[in-house]
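Listing of data23.tsv; format and content: TSV, C-alpha atoms.
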chain	number	residue	atom	x	y	z
A	1	MET	CA	60.35	41.33	6.36
A	2	GLN	CA	60.42	44.15	8.93
A	3	ASP	CA	56.81	45.10	8.06
A	4	ILE	CA	55.74	41.48	8.56
A	5	LEU	CA	57.38	41.26	11.99
A	6	THR	CA	55.87	44.58	13.03
A	7	SER	CA	52.38	43.36	12.15
A	8	PHE	CA	53.01	40.20	14.20
A	9	PHE	CA	53.96	42.19	17.29
A	10	ILE	CA	50.96	44.52	16.96
A	11	PHE	CA	48.69	41.51	16.65
A	12	CYS	CA	50.24	39.82	19.70
A	13	ILE	CA	49.88	42.91	21.88
A	14	ALA	CA	46.22	43.14	20.95
A	15	SER	CA	45.75	39.43	21.68
A	16	SER	CA	47.37	39.68	25.11
A	17	GLN	CA	44.99	42.47	26.05
A	18	LEU	CA	42.04	40.22	25.30
A	19	LEU	CA	43.40	37.34	27.36
A	20	GLY	CA	43.02	37.03	31.12
A	21	ILE	CA	40.69	35.83	33.79
A	22	VAL	CA	37.03	35.99	32.84
A	23	TYR	CA	34.48	36.49	35.60
A	24	SER	CA	30.93	35.66	34.55
A	25	LYS	CA	27.73	36.62	36.27
A	26	THR	CA	25.72	34.32	33.99
A	27	THR	CA	26.88	30.73	34.47
A	28	PHE	CA	25.66	27.33	33.33
A	29	ASP	CA	27.05	24.40	35.35
A	30	VAL	CA	26.77	21.13	33.41
A	31	VAL	CA	25.98	19.29	36.65
A	32	LYS	CA	22.82	21.36	37.07
A	33	PHE	CA	21.76	20.15	33.62
A	34	GLY	CA	22.07	16.49	34.65
A	35	ALA	CA	25.74	15.64	34.11
A	36	VAL	CA	26.99	13.02	36.58
A	37	GLY	CA	30.76	13.22	36.11
A	38	ASP	CA	31.65	9.71	37.26
A	39	GLY	CA	33.51	8.78	34.07
A	40	GLN	CA	31.03	5.97	33.35
A	41	THR	CA	27.69	7.67	32.76
A	42	ASP	CA	27.14	9.21	29.34
A	43	ASP	CA	26.92	12.96	30.01
A	44	THR	CA	26.49	14.02	26.38
A	45	GLU	CA	22.84	15.05	26.65
A	46	ALA	CA	23.50	17.20	29.72
A	47	PHE	CA	26.28	19.03	27.84
A	48	VAL	CA	23.95	19.60	24.88
A	49	LYS	CA	21.34	21.17	27.17
A	50	ALA	CA	23.92	23.32	28.95
A	51	TRP	CA	25.40	24.52	25.66
A	52	THR	CA	21.96	25.36	24.25
A	53	ALA	CA	21.26	27.47	27.33
A	54	LEU	CA	24.66	29.16	27.16
A	55	CYS	CA	24.50	29.89	23.45
A	56	GLY	CA	20.99	31.29	23.76
A	57	ALA	CA	21.78	33.55	26.70
A	58	ALA	CA	21.85	37.30	26.23
A	59	ALA	CA	24.34	38.67	28.72
A	60	ALA	CA	23.88	42.18	30.10
A	61	GLY	CA	26.55	44.79	29.44
A	62	ASP	CA	30.06	43.37	29.22
A	63	ASP	CA	29.19	40.12	31.00
A	64	VAL	CA	30.33	36.94	29.22
A	65	PRO	CA	28.08	33.93	29.90
A	66	ALA	CA	30.06	30.86	30.98
A	67	LEU	CA	29.64	27.11	30.72
A	68	ILE	CA	31.19	25.56	33.85
A	69	ILE	CA	32.70	22.06	33.76
A	70	PRO	CA	33.49	21.58	37.46
A	71	GLY	CA	36.67	20.08	38.87
A	72	ARG	CA	37.13	16.72	40.58
A	73	LYS	CA	34.80	15.09	38.07
A	74	THR	CA	35.24	13.13	34.84
A	75	PHE	CA	32.64	13.51	32.12
A	76	LEU	CA	32.17	10.84	29.46
A	77	LEU	CA	31.13	12.36	26.13
A	78	GLN	CA	30.12	10.95	22.78
A	79	PRO	CA	31.12	12.89	19.62
A	80	LEU	CA	29.61	16.31	20.08
A	81	GLU	CA	29.28	19.56	18.15
A	82	PHE	CA	28.95	22.88	19.91
A	83	GLU	CA	27.47	25.09	17.23
A	84	GLY	CA	27.01	28.84	16.95
A	85	PRO	CA	26.57	31.62	16.34
A	86	CYS	CA	25.56	32.40	19.90
A	87	LYS	CA	23.30	35.21	21.07
A	88	SER	CA	25.95	36.81	23.25
A	89	LYS	CA	28.92	38.45	21.55
A	90	SER	CA	31.31	36.20	23.49
A	91	VAL	CA	30.96	32.92	25.40
A	92	HIS	CA	33.27	31.27	27.91
A	93	VAL	CA	33.82	27.55	28.53
A	94	GLN	CA	35.71	26.90	31.75
A	95	VAL	CA	37.11	23.36	31.90
A	96	LEU	CA	38.12	22.44	35.45
A	97	GLY	CA	37.20	18.75	35.30
A	98	ASN	CA	38.16	16.05	32.82
A	99	LEU	CA	36.50	15.18	29.52
A	100	VAL	CA	36.93	11.61	28.26
A	101	ALA	CA	35.96	9.84	25.06
A	102	PRO	CA	34.48	6.32	24.85
A	103	LYS	CA	37.25	3.75	25.11
A	104	THR	CA	36.27	1.59	22.12
A	105	PRO	CA	34.33	2.00	18.85
A	106	ASP	CA	31.72	-0.38	20.26
A	107	ALA	CA	30.74	2.36	22.69
A	108	TRP	CA	30.03	4.94	19.97
A	109	LYS	CA	26.39	5.92	19.59
A	110	VAL	CA	26.96	7.58	16.22
A	111	CYS	CA	28.94	6.68	13.11
A	112	PRO	CA	32.69	7.30	13.52
A	113	PRO	CA	33.26	11.03	13.04
A	114	HIS	CA	36.36	12.91	11.93
A	115	SER	CA	36.48	14.73	15.26
A	116	TRP	CA	35.38	14.04	18.81
A	117	LEU	CA	34.61	17.55	20.09
A	118	VAL	CA	33.86	20.28	17.54
A	119	PHE	CA	33.17	23.99	17.99
A	120	ARG	CA	31.64	25.46	14.86
A	121	LYS	CA	30.87	29.11	14.03
A	122	VAL	CA	31.35	30.30	17.61
A	123	GLY	CA	32.85	33.78	17.55
A	124	ASN	CA	34.81	35.25	20.48
A	125	LEU	CA	34.98	31.86	22.18
A	126	ILE	CA	37.09	31.61	25.33
A	127	ILE	CA	38.09	28.14	26.55
A	128	ASP	CA	40.37	27.84	29.56
A	129	GLY	CA	40.90	25.99	32.81
A	130	SER	CA	43.07	23.39	34.45
A	131	GLY	CA	41.17	20.32	33.21
A	132	LYS	CA	42.15	17.51	30.87
A	133	ILE	CA	40.83	16.43	27.49
A	134	ASP	CA	41.45	12.69	27.22
A	135	GLY	CA	40.81	10.92	23.89
A	136	GLN	CA	41.44	7.52	25.54
A	137	GLY	CA	42.92	6.22	22.32
A	138	SER	CA	39.59	6.18	20.49
A	139	THR	CA	39.81	6.39	16.70
A	140	TRP	CA	38.90	10.03	16.16
A	141	TRP	CA	40.58	12.05	13.45
A	142	GLU	CA	40.99	14.98	15.83
A	143	ALA	CA	40.14	15.19	19.50
A	144	LEU	CA	39.26	18.89	19.49
A	145	HIS	CA	38.42	20.88	16.37
A	146	PHE	CA	37.56	24.54	15.86
A	147	LEU	CA	35.87	25.49	12.59
A	148	ARG	CA	35.06	29.10	11.71
A	149	CYS	CA	35.74	30.27	15.26
A	150	ASP	CA	37.08	33.80	14.85
A	151	HIS	CA	38.69	35.51	17.87
A	152	LEU	CA	39.23	32.20	19.66
A	153	ARG	CA	41.14	32.15	22.96
A	154	LEU	CA	42.28	28.70	24.16
A	155	SER	CA	44.53	28.29	27.21
A	156	GLY	CA	45.50	26.23	30.22
A	157	LEU	CA	44.25	22.76	29.32
A	158	THR	CA	46.05	19.42	29.15
A	159	HIS	CA	45.41	17.18	26.12
A	160	ILE	CA	46.31	13.48	26.31
A	161	ASN	CA	45.76	10.14	24.57
A	162	SER	CA	44.61	11.39	21.20
A	163	PRO	CA	45.23	8.68	18.58
A	164	ARG	CA	45.34	11.30	15.85
A	165	SER	CA	45.65	15.10	15.92
A	166	HIS	CA	44.96	16.72	19.27
A	167	ILE	CA	43.78	20.16	18.18
A	168	GLY	CA	42.66	21.41	14.77
A	169	ILE	CA	42.15	25.07	13.82
A	170	SER	CA	40.33	25.56	10.51
A	171	THR	CA	39.06	28.65	8.69
A	172	SER	CA	39.46	30.81	11.77
A	173	ASN	CA	40.92	34.30	12.16
A	174	ASP	CA	42.53	35.98	15.17
A	175	VAL	CA	43.30	32.94	17.32
A	176	ASP	CA	45.41	32.86	20.50
A	177	ILE	CA	46.51	29.50	21.97
A	178	SER	CA	48.69	29.44	25.07
A	179	HIS	CA	49.81	27.54	28.16
A	180	LEU	CA	48.72	24.13	26.89
A	181	THR	CA	50.24	20.75	27.66
A	182	ILE	CA	49.86	18.15	24.90
A	183	ILE	CA	51.09	14.60	25.52
A	184	ALA	CA	51.29	11.56	23.25
A	185	PRO	CA	53.85	8.73	23.07
A	186	ASP	CA	56.80	9.13	20.72
A	187	GLU	CA	55.77	6.02	18.76
A	188	SER	CA	52.12	7.06	18.26
A	189	PRO	CA	51.53	7.83	14.54
A	190	ASN	CA	49.76	10.95	13.24
A	191	THR	CA	49.31	12.47	16.69
A	192	ASP	CA	49.99	16.06	15.65
A	193	GLY	CA	49.79	18.52	18.51
A	194	ILE	CA	48.17	21.47	16.73
A	195	ASN	CA	47.12	21.64	13.07
A	196	VAL	CA	46.43	25.05	11.52
A	197	THR	CA	44.57	25.12	8.18
A	198	ASN	CA	43.05	28.01	6.19
A	199	SER	CA	43.48	30.35	9.14
A	200	THR	CA	45.05	33.78	9.63
A	201	TYR	CA	46.58	35.74	12.50
A	202	VAL	CA	47.14	32.71	14.71
A	203	ASN	CA	49.31	33.10	17.82
A	204	ILE	CA	50.56	29.89	19.54
A	205	HIS	CA	52.86	30.36	22.51
A	206	ASP	CA	54.10	29.26	25.93
A	207	SER	CA	53.15	25.59	25.62
A	208	LYS	CA	54.67	22.13	26.02
A	209	ILE	CA	53.99	19.65	23.22
A	210	GLY	CA	55.22	16.05	23.02
A	211	THR	CA	53.76	13.83	20.28
A	212	GLY	CA	54.44	11.10	17.76
A	213	ASP	CA	54.16	13.54	14.84
A	214	ASP	CA	54.46	17.28	14.28
A	215	CYS	CA	54.25	19.36	17.42
A	216	ILE	CA	52.69	22.06	15.24
A	217	ALA	CA	51.78	21.73	11.55
A	218	ILE	CA	50.86	24.69	9.37
A	219	SER	CA	48.83	23.67	6.34
A	220	SER	CA	47.57	25.34	3.19
A	221	GLY	CA	45.57	28.56	3.37
A	222	SER	CA	47.33	29.77	6.51
A	223	SER	CA	49.07	33.12	6.90
A	224	ASN	CA	50.36	35.43	9.60
A	225	VAL	CA	51.04	32.63	12.06
A	226	ARG	CA	53.27	33.42	15.03
A	227	ILE	CA	54.72	30.61	17.20
A	228	ALA	CA	56.84	31.37	20.26
A	229	LYS	CA	58.20	29.69	23.36
A	230	ILE	CA	57.15	26.15	22.46
A	231	ALA	CA	58.95	23.22	24.12
A	232	CYS	CA	58.65	20.44	21.54
A	233	GLY	CA	59.67	16.87	22.25
A	234	PRO	CA	59.24	14.13	21.45
A	235	GLY	CA	57.79	14.73	18.01
A	236	HIS	CA	58.56	15.73	14.45
A	237	GLY	CA	59.18	19.41	15.13
A	238	ILE	CA	57.35	22.46	13.79
A	239	SER	CA	56.43	21.97	10.15
A	240	VAL	CA	55.12	24.03	7.29
A	241	GLY	CA	53.20	21.41	5.30
A	242	SER	CA	52.95	19.01	3.93
A	243	LEU	CA	51.78	21.03	0.92
A	244	GLY	CA	50.71	20.14	-2.61
A	245	ALA	CA	49.64	16.50	-2.20
A	246	ASP	CA	47.95	14.98	-5.29
A	247	GLY	CA	48.84	18.00	-7.40
A	248	ALA	CA	46.93	20.43	-5.17
A	249	TYR	CA	47.46	24.18	-5.05
A	250	ALA	CA	48.76	25.34	-1.67
A	251	ALA	CA	49.48	28.77	-0.20
A	252	VAL	CA	51.25	29.58	3.08
A	253	GLU	CA	52.95	32.86	3.98
A	254	ASN	CA	54.17	35.07	6.81
A	255	ILE	CA	55.12	32.41	9.35
A	256	TYR	CA	57.32	33.43	12.27
A	257	VAL	CA	58.69	30.84	14.72
A	258	ARG	CA	60.96	32.02	17.54
A	259	ASP	CA	62.34	31.10	20.97
A	260	CYS	CA	61.43	27.41	20.68
A	261	SER	CA	63.27	24.31	21.92
A	262	PHE	CA	63.42	20.81	20.43
A	263	ASN	CA	64.46	17.93	22.67
A	264	GLY	CA	64.90	14.47	21.16
A	265	THR	CA	62.75	15.29	18.14
A	266	GLN	CA	62.98	13.77	14.68
A	267	ASN	CA	63.02	17.25	13.14
A	268	ALA	CA	63.11	20.83	14.36
A	269	ALA	CA	62.37	23.36	11.60
A	270	ARG	CA	60.86	21.68	8.57
A	271	ILE	CA	59.19	22.69	5.31
A	272	LYS	CA	57.76	19.78	3.34
A	273	THR	CA	56.07	19.77	-0.08
A	274	TRP	CA	54.92	17.01	-2.40
A	275	PRO	CA	56.17	16.73	-6.00
A	276	GLY	CA	53.54	17.82	-8.52
A	277	GLY	CA	51.88	20.47	-6.38
A	278	SER	CA	51.65	24.20	-7.09
A	279	GLY	CA	51.37	27.46	-5.20
A	280	TYR	CA	53.80	28.95	-2.69
A	281	ALA	CA	55.31	28.82	0.79
A	282	ARG	CA	57.02	32.14	1.44
A	283	ASN	CA	58.14	34.64	4.07
A	284	ILE	CA	58.99	32.03	6.72
A	285	THR	CA	61.35	32.63	9.64
A	286	PHE	CA	62.73	30.27	12.29
A	287	GLU	CA	64.68	32.27	14.87
A	288	ASN	CA	66.45	31.62	18.17
A	289	ILE	CA	66.07	27.84	18.24
A	290	THR	CA	67.59	25.49	20.84
A	291	LEU	CA	68.35	21.88	19.87
A	292	THR	CA	68.99	18.89	22.11
A	293	ALA	CA	69.75	15.60	20.33
A	294	THR	CA	67.57	16.46	17.34
A	295	LYS	CA	67.90	14.15	14.32
A	296	ASN	CA	67.18	16.68	11.54
A	297	PRO	CA	67.50	20.24	12.82
A	298	ILE	CA	66.89	22.13	9.56
A	299	ILE	CA	65.17	20.58	6.57
A	300	ILE	CA	63.46	21.74	3.40
A	301	ASP	CA	62.09	18.63	1.71
A	302	GLN	CA	60.47	19.14	-1.69
A	303	GLN	CA	60.59	15.41	-2.37
A	304	TYR	CA	58.22	14.59	0.46
A	305	CYS	CA	56.16	11.52	-0.40
A	306	ASN	CA	55.28	10.35	3.11
A	307	GLY	CA	57.68	7.42	2.96
A	308	ALA	CA	56.93	6.32	-0.62
A	309	HIS	CA	59.92	5.27	-2.75
A	310	ASN	CA	58.59	6.30	-6.18
A	311	CYS	CA	58.76	10.04	-5.62
A	312	PRO	CA	58.94	11.78	-9.05
A	313	LYS	CA	62.07	13.91	-9.33
A	314	LYS	CA	61.35	16.15	-12.32
A	315	SER	CA	57.96	17.69	-11.70
A	316	LYS	CA	56.61	21.04	-10.66
A	317	ALA	CA	56.24	21.85	-6.99
A	318	VAL	CA	55.10	24.45	-4.52
A	319	LEU	CA	57.52	27.38	-4.79
A	320	VAL	CA	59.48	27.85	-1.55
A	321	SER	CA	61.00	31.32	-1.15
A	322	ASN	CA	62.10	33.96	1.36
A	323	VAL	CA	62.95	31.53	4.16
A	324	ARG	CA	65.28	32.50	7.01
A	325	PHE	CA	66.88	30.23	9.60
A	326	THR	CA	68.77	32.19	12.25
A	327	GLY	CA	70.12	31.67	15.74
A	328	PHE	CA	70.11	27.86	15.86
A	329	ARG	CA	72.29	26.25	18.52
A	330	GLY	CA	72.61	22.79	19.99
A	331	THR	CA	73.23	19.16	19.12
A	332	CYS	CA	72.28	16.82	16.30
A	333	VAL	CA	72.04	13.01	16.34
A	334	ASN	CA	72.54	12.54	12.60
A	335	GLU	CA	75.63	13.58	10.67
A	336	GLU	CA	73.43	15.51	8.22
A	337	ALA	CA	72.40	18.53	10.26
A	338	ILE	CA	71.04	20.68	7.43
A	339	LYS	CA	69.17	19.38	4.39
A	340	LEU	CA	67.95	21.64	1.61
A	341	ASP	CA	66.42	19.29	-0.99
A	342	CYS	CA	64.62	21.58	-3.41
A	343	ASN	CA	62.67	21.02	-6.59
A	344	GLN	CA	64.73	20.53	-9.77
A	345	ILE	CA	62.55	22.87	-11.84
A	346	TRP	CA	61.87	25.81	-9.51
A	347	GLY	CA	64.47	25.33	-6.82
A	348	CYS	CA	64.16	27.21	-3.51
A	349	GLN	CA	64.61	30.98	-3.79
A	350	ASN	CA	66.18	33.41	-1.31
A	351	ILE	CA	67.03	30.94	1.44
A	352	GLU	CA	69.07	32.48	4.24
A	353	LEU	CA	70.98	30.74	7.04
A	354	VAL	CA	72.80	32.86	9.60
A	355	LYS	CA	74.33	32.38	13.03
A	356	ILE	CA	73.89	28.60	13.03
A	357	ASN	CA	75.96	26.45	15.42
A	358	ILE	CA	74.96	22.78	15.29
A	359	THR	CA	77.31	20.09	16.57
A	360	SER	CA	77.10	16.33	16.93
A	361	THR	CA	75.93	14.61	20.08
A	362	VAL	CA	79.13	12.59	19.70
A	363	PRO	CA	82.07	14.96	20.34
A	364	SER	CA	84.40	13.26	17.86
A	365	LYS	CA	81.95	13.38	14.94
A	366	LYS	CA	81.41	16.19	12.48
A	367	VAL	CA	78.09	17.21	10.99
A	368	TYR	CA	77.48	18.45	7.46
A	369	ALA	CA	74.91	20.22	5.28
A	370	SER	CA	73.50	18.89	2.00
A	371	CYS	CA	72.03	21.11	-0.65
A	372	ASN	CA	70.16	20.61	-3.93
A	373	ASN	CA	68.76	23.43	-6.08
A	374	ALA	CA	68.72	26.03	-3.29
A	375	LYS	CA	69.65	29.67	-3.86
A	376	GLY	CA	70.36	32.26	-1.21
A	377	ASN	CA	72.89	33.35	1.39
A	378	SER	CA	74.64	31.81	4.35
A	379	GLY	CA	77.02	33.21	6.94
A	380	SER	CA	78.40	32.42	10.41
A	381	THR	CA	77.07	28.90	10.00
A	382	VAL	CA	78.33	25.58	11.39
A	383	PRO	CA	78.21	23.38	9.44
A	384	THR	CA	78.88	25.45	6.34
A	385	VAL	CA	76.29	25.41	3.55
A	386	SER	CA	78.47	25.44	0.46
A	387	CYS	CA	75.70	25.91	-2.11
A	388	LEU	CA	74.60	29.23	-0.57
A	389	LYS	CA	76.65	32.35	-1.19
A	390	TYR	CA	78.37	34.27	1.56
A	391	PRO	CA	76.58	37.63	1.65
A	392	THR	CA	78.14	40.86	0.47
A	393	ARG	CA	76.51	42.66	3.40
A	394	PRO	CA	76.94	41.67	7.08
A	395	PHE	CA	74.16	39.82	8.83
A	396	ILE	CA	72.49	41.58	11.73
Represent the supplied structure as structure tokens.
Amino acid sequence: MQDILTSFFIFCIASSQLLGIVYSKTTFDVVKFGAVGDGQTDDTEAFVKAWTALCGAAAAGDDVPALIIPGRKTFLLQPLEFEGPCKSKSVHVQVLGNLVAPKTPDAWKVCPPHSWLVFRKVGNLIIDGSGKIDGQGSTWWEALHFLRCDHLRLSGLTHINSPRSHIGISTSNDVDISHLTIIAPDESPNTDGINVTNSTYVNIHDSKIGTGDDCIAISSGSSNVRIAKIACGPGHGISVGSLGADGAYAAVENIYVRDCSFNGTQNAARIKTWPGGSGYARNITFENITLTATKNPIIIDQQYCNGAHNCPKKSKAVLVSNVRFTGFRGTCVNEEAIKLDCNQIWGCQNIELVKINITSTVPSKKVYASCNNAKGNSGSTVPTVSCLKYPTRPFI
């Protein structure tokens, strides 16, 4: 575990050195390519022309060509793909104004896509600014999606009104996401904040996320993901999964979540797998977590069926192992504060809970932990987890 944490910190130091203000000598202002920015005129074609110019530009020396989306303007965009690879080693998109989607499906000029704005195969992409990305409730699968965008740096933006996932990261390596604000109503379904799939060395930190689903979801194929200083709420917490739907093979490892807060969320730290799947979810740590009126602070759910009532009990499942929950403190709405519901065949292996102090939001009520088929250690934990052994060595 120490080697894993060391690699995380080395990666984060390297990422921080790459972040910062980018000054570009070669700039492409979308207004100069015909964008109006009144929120009513379709500015898609102007953005296509500006992106083509940016992506085809060969910057001199260390200069990073930049696409400028100016402030005090609102740009209406149809579904749009920004595709690479670009001629310059790195490109910069500075979002100072607002980007909005068409309000209704009747306004779409193309067949309904899975995503509204997509960046594909753009290496060393920097996107930052103080602007907003507003899905306006249109029926996109994801408002902003990055596919095969290695060395991505995304920071500063506000994301609102996505009816589904706000941000998707797929098949990308060395990604740093920071200082975002993501907002969706508590009752809005499937509005995940950030989805990470098939990606490695992803660093998500210093952001505020409030949604109707997972604040952050880590899906199959992801490894070496570090999440820190996230204020989550409302929402369904930070989740590994769901994994193994429809008998699929899933693999997730080396996930480190620390210094996060959960306020009024349905869950806090969650691992969820479907019955019948295969593969593994391993080397996962949740550390230094603050809870305020969270319904389910700690949960491993290997009977996850997305609300279905015919969940098969005796079937294989993704193997969950080497999971550590440490330094949890705060309040729980439900009486069941800790739930470890593991597969009957494999069980959960090497689960560790230490320095946990979870109390009820109602002073007179007690909270409890439930446990099925989980093996591991527990110490200095309130409530006690009776199925886990007290360790023979002291926790540090």
* Show which residues sit within 9 Å of stretch 330-338 of chain A, as a PyMOL selection string. Count all atoms listed in the file, and ignore same-chain residues fewer than 4 positions away. => chain A and resi 264+289-300+357-362+365-371+383+385
* To do: Tell me which of A:Asp38, A:Asp176, A:Glu352, A:Asp213 sits closest to A:Ser378, counting all atoms listed in the file.
  => A:Glu352
* For A:Asn98, please output as a VMD selection string all residues within 6 Å (counting only C-alpha atoms; exclusion window: fewer than 6 positions along the same chain). => chain A and resid 74 131 to 133
* Asked: If you count all atoms listed in the file, which residues fall within 7 Å of A:Gly235, apart from same-chain ones fewer than 4 positions away, as an NGL selection string?
  -> :A and (186 or 210-215 or 265-266)
* To do: Tell me which protein, DNA and RNA residues are within 9 Å of A:Asn377, counting all atoms listed in the file, leaving out same-chain ones fewer than 4 positions away, and put them as number ranges by chain.
  => A: 350-354, 385, 387-391
* To do: Find the residues near A:Cys260: any atom within 9 Å, counting only C-alpha atoms, skip ones fewer than 5 places away on the same chain, and give them as a PyMOL selection string.
  => chain A and resi 227-232+286-291
For the selection just defined, write its residues with C-alpha atoms to a file, as a PDB file, in the frame of the given file.
ATOM      1  CA  ILE A 227      54.720  30.610  17.200  1.00  0.00           C
ATOM      2  CA  ALA A 228      56.840  31.370  20.260  1.00  0.00           C
ATOM      3  CA  LYS A 229      58.200  29.690  23.360  1.00  0.00           C
ATOM      4  CA  ILE A 230      57.150  26.150  22.460  1.00  0.00           C
ATOM      5  CA  ALA A 231      58.950  23.220  24.120  1.00  0.00           C
ATOM      6  CA  CYS A 232      58.650  20.440  21.540  1.00  0.00           C
ATOM      7  CA  PHE A 286      62.730  30.270  12.290  1.00  0.00           C
ATOM      8  CA  GLU A 287      64.680  32.270  14.870  1.00  0.00           C
ATOM      9  CA  ASN A 288      66.450  31.620  18.170  1.00  0.00           C
ATOM     10  CA  ILE A 289      66.070  27.840  18.240  1.00  0.00           C
ATOM     11  CA  THR A 290      67.590  25.490  20.840  1.00  0.00           C
ATOM     12  CA  LEU A 291      68.350  21.880  19.870  1.00  0.00           C
TER      13      LEU A 291
END
Mind completing stretch 293-309 of chain A with N, CA and C atoms? Output as a PDB file, in the coordinates of the input, please?
ATOM      1  N   ALA A 293      69.823  16.948  20.938  1.00  0.00           N
ATOM      2  CA  ALA A 293      69.750  15.600  20.330  1.00  0.00           C
ATOM      3  C   ALA A 293      68.618  15.499  19.322  1.00  0.00           C
ATOM      4  N   THR A 294      68.550  16.469  18.423  1.00  0.00           N
ATOM      5  CA  THR A 294      67.570  16.460  17.340  1.00  0.00           C
ATOM      6  C   THR A 294      68.163  15.740  16.128  1.00  0.00           C
ATOM      7  N   LYS A 295      67.373  14.922  15.449  1.00  0.00           N
ATOM      8  CA  LYS A 295      67.900  14.150  14.320  1.00  0.00           C
ATOM      9  C   LYS A 295      68.106  15.024  13.085  1.00  0.00           C
ATOM     10  N   ASN A 296      67.117  15.843  12.738  1.00  0.00           N
ATOM     11  CA  ASN A 296      67.180  16.680  11.540  1.00  0.00           C
ATOM     12  C   ASN A 296      66.834  18.121  11.912  1.00  0.00           C
ATOM     13  N   PRO A 297      67.812  18.906  12.313  1.00  0.00           N
ATOM     14  CA  PRO A 297      67.500  20.240  12.820  1.00  0.00           C
ATOM     15  C   PRO A 297      66.867  21.191  11.806  1.00  0.00           C
ATOM     16  N   ILE A 298      67.402  21.216  10.583  1.00  0.00           N
ATOM     17  CA  ILE A 298      66.890  22.130   9.560  1.00  0.00           C
ATOM     18  C   ILE A 298      66.675  21.325   8.281  1.00  0.00           C
ATOM     19  N   ILE A 299      65.456  21.361   7.764  1.00  0.00           N
ATOM     20  CA  ILE A 299      65.170  20.580   6.570  1.00  0.00           C
ATOM     21  C   ILE A 299      64.106  21.246   5.704  1.00  0.00           C
ATOM     22  N   ILE A 300      64.448  21.425   4.426  1.00  0.00           N
ATOM     23  CA  ILE A 300      63.460  21.740   3.400  1.00  0.00           C
ATOM     24  C   ILE A 300      63.398  20.524   2.492  1.00  0.00           C
ATOM     25  N   ASP A 301      62.253  19.890   2.445  1.00  0.00           N
ATOM     26  CA  ASP A 301      62.090  18.630   1.710  1.00  0.00           C
ATOM     27  C   ASP A 301      61.005  18.817   0.647  1.00  0.00           C
ATOM     28  N   GLN A 302      61.442  19.014  -0.595  1.00  0.00           N
ATOM     29  CA  GLN A 302      60.470  19.140  -1.690  1.00  0.00           C
ATOM     30  C   GLN A 302      60.273  17.818  -2.426  1.00  0.00           C
ATOM     31  N   GLN A 303      60.823  16.763  -1.856  1.00  0.00           N
ATOM     32  CA  GLN A 303      60.590  15.410  -2.370  1.00  0.00           C
ATOM     33  C   GLN A 303      59.800  14.586  -1.348  1.00  0.00           C
ATOM     34  N   TYR A 304      58.975  15.262  -0.584  1.00  0.00           N
ATOM     35  CA  TYR A 304      58.220  14.590   0.460  1.00  0.00           C
ATOM     36  C   TYR A 304      57.132  13.724  -0.178  1.00  0.00           C
ATOM     37  N   CYS A 305      57.176  12.444   0.108  1.00  0.00           N
ATOM     38  CA  CYS A 305      56.160  11.520  -0.400  1.00  0.00           C
ATOM     39  C   CYS A 305      55.620  10.631   0.716  1.00  0.00           C
ATOM     40  N   ASN A 306      55.782  11.080   1.953  1.00  0.00           N
ATOM     41  CA  ASN A 306      55.280  10.350   3.110  1.00  0.00           C
ATOM     42  C   ASN A 306      55.783   8.917   3.148  1.00  0.00           C
ATOM     43  N   GLY A 307      57.064   8.741   2.859  1.00  0.00           N
ATOM     44  CA  GLY A 307      57.680   7.420   2.960  1.00  0.00           C
ATOM     45  C   GLY A 307      57.661   6.614   1.681  1.00  0.00           C
ATOM     46  N   ALA A 308      56.977   7.074   0.632  1.00  0.00           N
ATOM     47  CA  ALA A 308      56.930   6.320  -0.620  1.00  0.00           C
ATOM     48  C   ALA A 308      58.296   6.394  -1.318  1.00  0.00           C
ATOM     49  N   HIS A 309      58.609   5.365  -2.106  1.00  0.00           N
ATOM     50  CA  HIS A 309      59.920   5.270  -2.750  1.00  0.00           C
ATOM     51  C   HIS A 309      59.881   5.651  -4.230  1.00  0.00           C
TER      52      HIS A 309
END
